[in-house]
Each structure stands twice: as C-alpha cells, then as structure tokens.
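S.K.: Below you will find the structure I want to go over with you.
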Amino acid sequence: MQTKTKNALLIAFMLLMANQIVAQHSPKAIHGMVVERVGKEEHPLVGASVMWLGTTVGTVTDAEGHFELKYPPHQKEVYQIVVSFVGYTTDTVDIRKARTHQHGKEIHLEIVLQPTQLQTITVTAGKTDELSPLRTDVLTTKDLRKAACCNLSESFETQAAVDVTFSDAVSGAKQIHLLGLDGIYAQISSENLPAVRGLAARSGLYFIPGTWIRSIDISKGAGSVVNGYESITGQINVELVKPFEDNERLFFNTYINQFGRVEQNIHWRKKVSQHWATATLLHASGQRLREDFNRDGFLDAPEFTQLNGMNRWQYNGEKMEAQLGIKFLYDDKLGGQLGFRRNTPSVRGHLYGFRWENQRAEFFSKTGFFLPKETESIGVIISASHHRLKALWGDTHYSGTQKHLLINTIYQTQLSQHHTLKTGVSAMLDYYHELYRQLERQRHEQVAGLFAEYSFALPGKFALIAGLRYDKHNLAGNIFTPRLHLRYDLNALTTIRLSAGRGMRYANPIAENMGYLISNRQLKIAPDLRPEVGWNLGGSLHQKFLLNNRNGSLTVDFFRTHFQNQTIVDLDSDPHQLQIYNLQGRSFANSLQIQTEYTVVEGITLTGAYKYYHVRALIGNQLRQVPFIPKHRAMANAAIDLLRWRFDLTVQWYGSKRLPVAPTIGMPMPGDPHSGHLPNQGAPYWRAYSPHYFLINSQITRVFRQWEIYLGAENIGNFMQMHPIVEAENPWGAHFDAGIIWAPIMGRTFYGGVRIAID
C-alpha cells in the first residue's frame with residue numbers, strides 16, 4: 001500500500017513538474033518595450049499600439065514604454081506583431097528574430113520605431129487612430145471582409161461614418177456622403193495620391209477593387225495641409241497592397257452573385273533582392289444577366305466589363321526608400337431599356353439606352369531620402385494620370401478628357417522629442433476638356449503652393465497639429481488654407497478633439513451630376529461659376545469604459561460646415577431643368593454622430609451609431625433642406641469571430657429624405673404608395689418626402705489555413721424603390737427622370753466567394 005502511495009505521489013510530482021515545464025515553454029504572453037532613438041539616446045514611446053498581425057488582440061505601452069501582449073485564443077502559431085505610433089513608421093516584427101534585452105528574470109523584446117519618412121501611414125489593425133489629433137476611423141482588412149467589398153464604393157457598408165447611395169436608376173453608380181454632404185467635398189486619395197476627383201468623381205469609387213485595399217483612414221473635418229487645399233468635410237485615404245509589407249506571395253479571390261455578377265482578383269508579390277520587391281494586382285469583373293424585377297422596362301443594373309491592373313515596385317535602402325508604379329483601367333457599361341443593344345441607334349423615338357466607357361492610365365512615384373541627421377528626411381511624390389470618359393444616354397452624347405500632374409516635395413524634421421515640422425512645395429496641373437451636346441467646356445488649372453505643418457505631442461496628455469499653406473492659382477488667384485487640430489486627454493479614458501479649417505475646390509458640373517442628366521431636363525450652367533469655399537469646425541469626445549471586465553467605448557462628434565460659396569445643384573425650381581449656379585445666400589451642414597462599441601466576450605463585438613443631419617442651402621431663392629439627405633440615420637453591427645468562423649450582421653436605418661419637387665406642377669414622387677390629387681387640379685402628385693426604411697446585410701465566413709469561403713446576403717428585407725424612374729414608359733417624354741433615387745433599386749442579393757492566400 002505504501003509502495004502504491006509512493007508511486008502515486010511520484011507520478012503526481014512528475015506531472016506537476018511536466019506541467020511547469022510546459023508552462024515555462026508555452027508562455028501566455030510576451031513582454032517588451034517600444035522606444036524611439038534620438039541621436040544615441042533612446043526614449044520610451046507611451047501609448048504605442050502593439051497587436052498580433054491579422055487579429056484584434058493587442059495592447060498599448062505604459063508610461064515606461066513597456067507592454068504585455070497576450071497570445072490570441074485559438075491561434076497559437078503566430079509570430080508577428082504590428083507596432084504603430086502616430087508620426088512613426090508602422091513596423092511588423094517577427095518575435096523569433098527580434099532584438100531582446102534582460103528585464104529582471106524575463107526576456108523582453110526591444111522595438112525601435114522610426115519617424116515617418118514619407119506621407120504614408122499604414123494602420124494594420126485597430127478601429128480608430130486614438131493618438132492622432134484628427135478624428136479618424138480606421139477600417140482594416142478584417143473590417144472590409146465583413147462584407148463582399150468588391151470595390152471602394154462597397155467598402156463602407158458596415159460602418160457609420162460614410163453614407164452610400166445610388167446616384168440614378170440606370171447607370172448603377174454609387175456615391176458617398178460625409179458629414180451630411182456629397183462625397184465630392186471629401187478628399188479621397190490612394191496612399192495620399194489623388195484618386196477620386198475630377199472626371200472620376202462619380203465613377204472613381206469603382207476603380208479601386210476591394211481586395212487591393214489594406215486599410216481605409218476616414219478623417220472627419222479639415223485634413224492635413226500637406227495633401228492640398230481641396231478637403232472641406234474630411235479626407236478618406238486608402239492604403240493598398242505593398243510589395244514588402246504584406247505576407248501572402250499569391251492571393252486569389254473569386255466572387256459571384258445571383259444576378260450574374262462575377263469578379264476575379266489575383267495578387268502576386270515577389271522579393272527580388274534584399275532591397276527590391278514588386279507586386280502585381282489584377283482585377284476582372286463583369287455582369288451579363290439582364291434583369292428587370294420592378295417591370296418598368298429598364299435594366300435594374302447595367303451590363304458591365306471592367307479590367308484593372310497595377311504593377312508597383314518598392315525599394316528599401318539605407319539612405320533612401322522608394323515606390324513607383326503604373327495603373328491601367330478599362331470600364332464599360334451598357335444599360336437602359338431591355339431591348340437596347342450596342343448596335344441600337346441612339347435616335348430619339350427609338351429604344352432609350354445608356355453607355356459609359358472609362359479609360360484611365362496612371363503613374364506614381366514616392367521617394368524618401370534619409371539625411372545625415374537621423375531625424376530629418378525629404379520626400380518627393382509624383383502622380384500623373386490621363387482619364388477619358390465617353391457616355392451616352394438617350395440621344396445625348398458626352399465626352400470628357402482630364403490630364404493631371406502633381407509634384408509634392410516634403411521636408412520633415414524632428415525639432416526635439418515632442419516637436420515635429422513638415423514643410424514643402426507643390427505644383428499641380430489639371431486640364432479638362434468636355435463636350436456635352438453642343439456645349440464645350442475647357443478648364444486649365446495651374447497651381448504652385450508651399451506649406452508648413454507643425455506637430456507637438458505629449459503622449460497621453462496633449463497633441464497639436466497646426467498647418468498653413470499658400471497656393472497661387474491661375475484662375476482663383478491667392479488661396480490661403482489654415483487648419484488646426486487639437487487633442488487633449490482629460491485622463492487615461494477620456495479624450496477631446498477639436499478642429500477647424502478652410503477648403504476650396506472647383507466643381508465639374510457635368511461630370512459630377514450625370515445621374516440627374518439621365519432625364520429630359522435641360523442643363524443650365526451659370527457662365528460665372530466661382531470656386532467652392534467652405535469652413536469646417538468641429539470636435540469629438542471619446543470615452544473608454546470597462547463593463548463586466550470588457551472593453552467598450554463611446555464617441556460623440558459634432559461638425560459644422562459653412563460655405564462662403566457653393567455650386568448649387570437646383571432640381572427644385574423647374575422640373576424640366578437642371579440649374580447649376582453660385583450660392584446667393586446661406587448654405588451649411590450640421591452633423592452629429594453618437595457611436596458606441598462594446599466587446600461582449602472575446603470574439604464578439606457590438607457596434608451601434610446614430611446620426612443627425614441638418615443640411616440646408618438657398619435653393620431657388622428659398623432656404624431648403626438639401627434633397628436626398630436623411631435627417632436621421634442609425635446602424636448596428638454584430639461581429640462574431642470564434643473558432644475559425646466569422647459571422648457579421650449589419651442593420652441600417654434611413655430616415656425620411658426630402659425629394660425635389662415642383663409644387664406648381666405637382667410632379668410625382670416615385671415609389672411613394674400614398675398618391676392623390678392636388679385640390680382643384682387634375683395633376684397627380686405624391687408626397688415630397690420619402691418613407692423611412694431598413695437595410696439588413698449579413699455574411700458568414702469559414703476560415704481555413706490558407707483559404708476561406710464566404711456566403712452573404714444584402715438587403716435581406718428586400719426593400720426597393722419600386723418605381724425609381726419617372727415616366728419609364730415614355731423615356732422621350734417631358735417628365736422622364738431617372739435621377740430621383742432615395743433607396744436601393746436592387747432587391748435581395750445572395751453572393752458567395754473564395755479567398756486563397758499562399759505564403
């Protein structure tokens with residue numbers, strides 16, 4: 001009996017020791033510190049973000065720059081962490097090869113971040129850039145994969161900052177709104193290079209495939225003066241796949257939906273040498289099924305073909321870094337009445353058709369030079385593009401050409417530990433030539449500018465970015481652009497941000513309003529259109545909280561945009577005309593957003609938001625609510641990520657929208673079930689406000705080692721604007737109008753796809 005007891009004790013002791021040995025060799029967390037190097041000295045970075053690559057598991061450094069990072073559940077074989085800090089280049093560190101030092105009885109990683117050399121900050125993980133003075137939401141790859149995200153226009157469906165709507169009922173084009181205003185007032189860039197502007201203002205959102213995107217930074221309010229003077233409501237910057245910084249060597253994505261839309265993406269990345277790497281991104285998509293579910297005689301979505309490609313090279317050396325690349329795009333759409341084909345005559349009285357063809361070529365280069373002093377650098381950015389757009393609707397022909405060149409030179413120096421200065425000069429050329437029916441428009445812009453931006457930061461306490469730029473414009477004259485951003489931390493959980501700034505832009509009245517021109521309205525453009533000038537003021541309160549030992553946050557922001565001059569698009573004064581003229585009075589937009597996020601348990605996150613818009617402008621000598629903008633909007637998202645399964649559900653609610661009407665004529669409001677007749681008149685009428693409605697989207701994803709499969713549904717409630725086209729049965733009649741769109745024109749959509757990543 002004693003022998004058995006001794007043996008049992010010996011076995012128990014051995015098991016206990018084995019468990020201790022396993023525990024010692026299988027730590028639950030790694031420890032380390034993040035520092036910056038100034039000369040020969042190293043200083044801790046307080047509040048730096050440290051996250052496991054490809055997960056949401058992360059932490060921040062403490063007051064001494066130290067961190068403890070727990071291993072993500074169900075993903076034990078992870079070796080790379082992403083370390084980021086505002087104003088510094090994000091670094092991906094392999095913990096097996098990282099520099100270490102002794103700290104007590106533990107071995108700690110030591111990570112040195114370098115000040116940002118080029119004006120490109122890639123955020124690899126996280127929901128918000130909490131350390132920046134700018135009010136910024138960050139969409140990561142994981143956020144984008146909550147939905148199909150076939151292109152940039154479809155990448156905002158699961159967040160609250162940006163609203164997405166259709167521009168008309170024929171072309172299938174989508175447009176966005178930020179802070180209650182049209183997306184043309186937001187500066188949309190790709191790696192801080194011009195992307196969606198000019199002739200691409202309406203179609204450019206389609207030109208960036210979703211799989212090319214690594215992250216999207218959405219900054220509300222006035223942006224950085226380094227990127228120009230055009231931002232009024234904010235900046236949306238898209239970071240793409242890079243040769244050195246992404247893991248997969250090959251990537252394939254296939255998408256298909258029930259309406260016959262098919263997409264294929266292929267990424268190929270190769271490290272050519274120690275200093276050189278290249279990446280090639282290819283995209284092909286199309287739709288051939290011709291559907292008319294609302295039975296109005298018009299295609300619900302156009303047939304289309306898009307071919308898109310990019311090749312880029314990246315060089316990382318000891319004294320310089322460089323990126324350069326080229327892009328090519330061909331995009332062709334055909335829509336209109338069901339019987340319209342490519343060879344159908346575009347003659348009044350025949351079938352009404354729609355054609356849209358884009359051809360675009362781009363070149364870009366970004367070069368950073370490291371100066372002898374470690375805290376100084378010079379960056380040179382060059383961007384050139386040639387865009388040709390041809391369109392046809394009915395018997396109306398349009399053609400447009402834009403040639404663009406931008407050169408931006410930036411000098412950056414870190415004056416001391418907390419003070420940074422960026423200054424530089426820029427030059428921009430824009431040439432536009434448009435022909436609409438018999439109307440020919442040309443504009444040649446030549447702009448030379450200089451700027452300075454000062455940053456001050458006390459991590460965990462206060463941060464400031466103050467910028468001023470001066471531009472000499474051949475048409476607008478002298479342009480002064482002041483901008484200011486402040487961040488103040490009341491405590492470790494509460495942050496206040498304030499911002500103010502001015503922006504200016506030239507409108508492109510034809511290209512930006514094609515959706516309204518798919519009608520029999522006559523275009524009336526004032527001959528003296530002046531540049532649009534607006535001021536944006538706002539702020540936000542960000543509050544973190546802990547509930548049931550789980551992290552949560554609450555953010556409240558308010559922004560007001562006030563226009564000194566605006567290009568007014570008047571659909572109200574005359575139902576037979578589209579009038580475009582300079583603002584003759586007041587125009588403003590107030591935007592309030594309340595958003596909360598809470599982690600219920602590890603792997604389950606809930607997000608909810610409510611927005612209120614008060615957007616008014618003097619239209620037709622009357623201060624009116626701007627049409628198509630809901631006063632109220634709300635959204636909720638549930639994201640579940642457990643055991644290699646991901647499930648996402650998004651519900652969006654759109655409040656009532658004012659629609660353009662002509663009260664003296666009683667124009668009908670399409671899709672409103674409450675019809676009647678004006679008193680003492682025989683003309684039919686509909687209410688001037690749309691009903692509210694819900695949109696529900698969901699997707700489920702199964703993740704395997706090197707690939708994943710996803711299935712999803714959009715507009716699960718099958719809500720549609722049933723009669724989106726006014727007088728669709730008579731497209732050559734005086735009242736035909738396909739631009740009065742306030743809700744989806746496509747019903748419930750099921751889709752599926754496969755993503756394959758090969759290291």
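Each chain of the structure tokens is named A, B, ... in the order shown, its residues numbered from 1; ligands are numbered from 1 in display order.
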Considering only C-alpha atoms, return as a PyMOL selection string whatever protein or nucleic-acid residues lie within 8 Å of Leu606 in chain A, sequence-local ones (same chain, fewer than 2 positions apart) excluded.
M.R.: chain A and resi 597-600+604+608+636-639
S.K.: Save out the residues we just selected, C-alpha atoms, as a PDB file, in the first residue's frame.
M.R.:
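In the end it all went to again_38.pdb:
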```
ATOM      1  CA  GLU A 597     -18.669  49.819 -29.324  1.00  0.00           C
ATOM      2  CA  TYR A 598     -18.564  47.010 -26.774  1.00  0.00           C
ATOM      3  CA  THR A 599     -16.858  43.618 -26.595  1.00  0.00           C
ATOM      4  CA  VAL A 600     -19.421  41.258 -25.078  1.00  0.00           C
ATOM      5  CA  ILE A 604     -17.983  39.062 -30.071  1.00  0.00           C
ATOM      6  CA  GLY A 608     -24.149  50.965 -32.721  1.00  0.00           C
ATOM      7  CA  ALA A 636     -25.923  48.444 -35.701  1.00  0.00           C
ATOM      8  CA  ASN A 637     -23.328  45.758 -36.326  1.00  0.00           C
ATOM      9  CA  ALA A 638     -22.679  42.454 -34.592  1.00  0.00           C
ATOM     10  CA  ALA A 639     -19.334  40.789 -35.354  1.00  0.00           C
TER      11      ALA A 639
END
```
S.K.: Please compute the CA of Ala384 in chain A-CA of Pro209 in chain A distance, one decimal, in Å.
M.R.: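 Result for CA of Ala384 in chain A versus CA of Pro209 in chain A: 19.9 Å, one decimal.
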S.K.: Which residues, written as a PyMOL selection string, have at least one atom at most 8 Å from range 422-431 of chain A, with only C-alpha atoms counted and residues fewer than 4 positions away on the same chain left out?
M.R.: chain A and resi 226+401-413+442-454
S.K.: Need to verify the contact set: Leu282 in chain A, 8 Å, only C-alpha atoms, exclusion of same-chain residues closer than 2 positions in sequence. Can you return it as a ChimeraX atom specification?
M.R.: /A:265-267,280,284,307-310
S.K.: How would the residues just picked look written out with C-alpha atoms as a PDB file, in the first residue's frame?
M.R.:
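Writing done, so here's again.pdb:
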```pdb
ATOM      1  CA  ASN A 265      -8.726  39.185 -58.315  1.00  0.00           C
ATOM      2  CA  ILE A 266      -5.135  37.945 -58.411  1.00  0.00           C
ATOM      3  CA  HIS A 267      -2.230  39.404 -56.418  1.00  0.00           C
ATOM      4  CA  THR A 280       1.217  42.919 -59.453  1.00  0.00           C
ATOM      5  CA  ALA A 284     -11.547  41.478 -63.855  1.00  0.00           C
ATOM      6  CA  LEU A 307     -10.347  45.257 -66.446  1.00  0.00           C
ATOM      7  CA  ASN A 308      -8.000  46.786 -63.914  1.00  0.00           C
ATOM      8  CA  GLY A 309      -4.304  46.265 -63.259  1.00  0.00           C
ATOM      9  CA  MET A 310      -1.431  47.701 -61.267  1.00  0.00           C
TER      10      MET A 310
END
```
S.K.: So that I can see what lies close to Pro660 in chain A, please list as a ChimeraX atom specification the residues with an atom at most 7 Å from it, counting only C-alpha atoms and leaving out residues fewer than 6 positions away in the same chain.
M.R.: /A:571-572,627
S.K.: Looking at A:Ala589, A:Leu152, A:Met635, A:Leu139, which one is nearest to Asp182 in chain A, with distances taken over only C-alpha atoms?
M.R.: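 Closest to Asp182 in chain A of all the choices is A:Ala589.
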S.K.: Please provide the set of residues having any atom within 7 Å of range 642-657 of chain A, restricted to only C-alpha atoms, with same-chain residues fewer than 3 positions apart removed, written as a ChimeraX atom specification.
M.R.: /A:74,146,158,603,627-639,689-703
S.K.: Under the rule that only C-alpha atoms are counted, which of A:Ala463, A:Ile232, A:Leu392, A:Ile518 is the nearest residue to Pro133 in chain A?
M.R.: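 The answer is A:Ala463, which sits nearest to Pro133 in chain A.
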S.K.: Can you tell me which residues surround Ser189 in chain A at a distance of at most 8 Å, considering only C-alpha atoms, apart from same-chain residues fewer than 5 positions away, and format the answer as JSON, numbers by chain?
M.R.: {"A": [194, 195, 196, 235, 236, 237, 238]}
S.K.: How would the residues just chosen look if you wrote them out with C-alpha atoms as a compact mmCIF listing (two decimals), in the first residue's frame?
M.R.:
```txt
# COMPACT_ATOMS: atom_id res chain seq x y z
CA PRO A 194 -5.23 61.91 -55.81
CA ALA A 195 -7.75 59.16 -56.63
CA VAL A 196 -11.44 60.06 -56.81
CA GLN A 235 -10.13 63.01 -46.04
CA ILE A 236 -10.52 59.35 -47.00
CA ASN A 237 -7.16 57.71 -47.62
CA VAL A 238 -6.88 54.16 -48.97
```
S.K.: What does the distance between CA of Asp292 in chain A and CA of Ser171 in chain A come to in Å, to one decimal place?
M.R.: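 Answer for the CA of Asp292 in chain A to CA of Ser171 in chain A separation: 13.9 Å.
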S.K.: Residues of range 119-227 of chain A classed as strand (DSSP E or B) by DSSP on the backbone are to be reported as a VMD selection string.
M.R.: chain A and resid 128 135 to 140 151 162 to 166 174 to 178 181 to 182 186 to 190 193 to 196 209 213 to 220
S.K.: Would you write out those residues with C-alpha atoms, as a PDB file, in the first residue's frame?
M.R.:
```
ATOM      1  CA  THR A 128      -9.613  54.215 -34.522  1.00  0.00           C
ATOM      2  CA  ARG A 135     -10.905  62.498 -35.681  1.00  0.00           C
ATOM      3  CA  THR A 136     -10.130  59.332 -37.638  1.00  0.00           C
ATOM      4  CA  ASP A 137     -11.896  55.997 -38.117  1.00  0.00           C
ATOM      5  CA  VAL A 138      -9.770  53.157 -39.467  1.00  0.00           C
ATOM      6  CA  LEU A 139     -11.184  50.264 -41.486  1.00  0.00           C
ATOM      7  CA  THR A 140      -8.781  47.329 -41.561  1.00  0.00           C
ATOM      8  CA  ASN A 151     -14.719  47.868 -54.681  1.00  0.00           C
ATOM      9  CA  VAL A 162     -19.766  57.293 -44.527  1.00  0.00           C
ATOM     10  CA  ASP A 163     -23.204  57.015 -46.176  1.00  0.00           C
ATOM     11  CA  VAL A 164     -23.558  55.228 -49.534  1.00  0.00           C
ATOM     12  CA  THR A 165     -26.403  55.829 -52.030  1.00  0.00           C
ATOM     13  CA  PHE A 166     -27.194  55.259 -55.707  1.00  0.00           C
ATOM     14  CA  LYS A 174     -22.946  54.792 -56.216  1.00  0.00           C
ATOM     15  CA  GLN A 175     -21.939  57.939 -54.387  1.00  0.00           C
ATOM     16  CA  ILE A 176     -20.988  58.673 -50.797  1.00  0.00           C
ATOM     17  CA  HIS A 177     -21.800  61.359 -48.241  1.00  0.00           C
ATOM     18  CA  LEU A 178     -19.591  62.521 -45.374  1.00  0.00           C
ATOM     19  CA  LEU A 181     -22.585  66.462 -47.702  1.00  0.00           C
ATOM     20  CA  ASP A 182     -21.772  64.948 -51.077  1.00  0.00           C
ATOM     21  CA  ALA A 186     -14.139  64.954 -49.112  1.00  0.00           C
ATOM     22  CA  GLN A 187     -10.619  64.482 -50.441  1.00  0.00           C
ATOM     23  CA  ILE A 188     -10.418  60.826 -51.492  1.00  0.00           C
ATOM     24  CA  SER A 189      -6.872  59.602 -52.053  1.00  0.00           C
ATOM     25  CA  SER A 190      -4.926  56.397 -52.554  1.00  0.00           C
ATOM     26  CA  LEU A 193      -2.164  60.449 -54.014  1.00  0.00           C
ATOM     27  CA  PRO A 194      -5.233  61.909 -55.812  1.00  0.00           C
ATOM     28  CA  ALA A 195      -7.745  59.159 -56.626  1.00  0.00           C
ATOM     29  CA  VAL A 196     -11.444  60.059 -56.805  1.00  0.00           C
ATOM     30  CA  PRO A 209     -11.008  46.842 -56.144  1.00  0.00           C
ATOM     31  CA  ILE A 213      -7.229  47.628 -50.063  1.00  0.00           C
ATOM     32  CA  ARG A 214      -5.319  47.030 -46.840  1.00  0.00           C
ATOM     33  CA  SER A 215      -6.896  49.833 -44.778  1.00  0.00           C
ATOM     34  CA  ILE A 216      -9.039  52.957 -45.103  1.00  0.00           C
ATOM     35  CA  ASP A 217      -8.481  56.029 -42.926  1.00  0.00           C
ATOM     36  CA  ILE A 218     -11.591  58.232 -42.637  1.00  0.00           C
ATOM     37  CA  SER A 219     -10.668  61.620 -41.150  1.00  0.00           C
ATOM     38  CA  LYS A 220     -13.553  63.954 -40.365  1.00  0.00           C
TER      39      LYS A 220
END
```
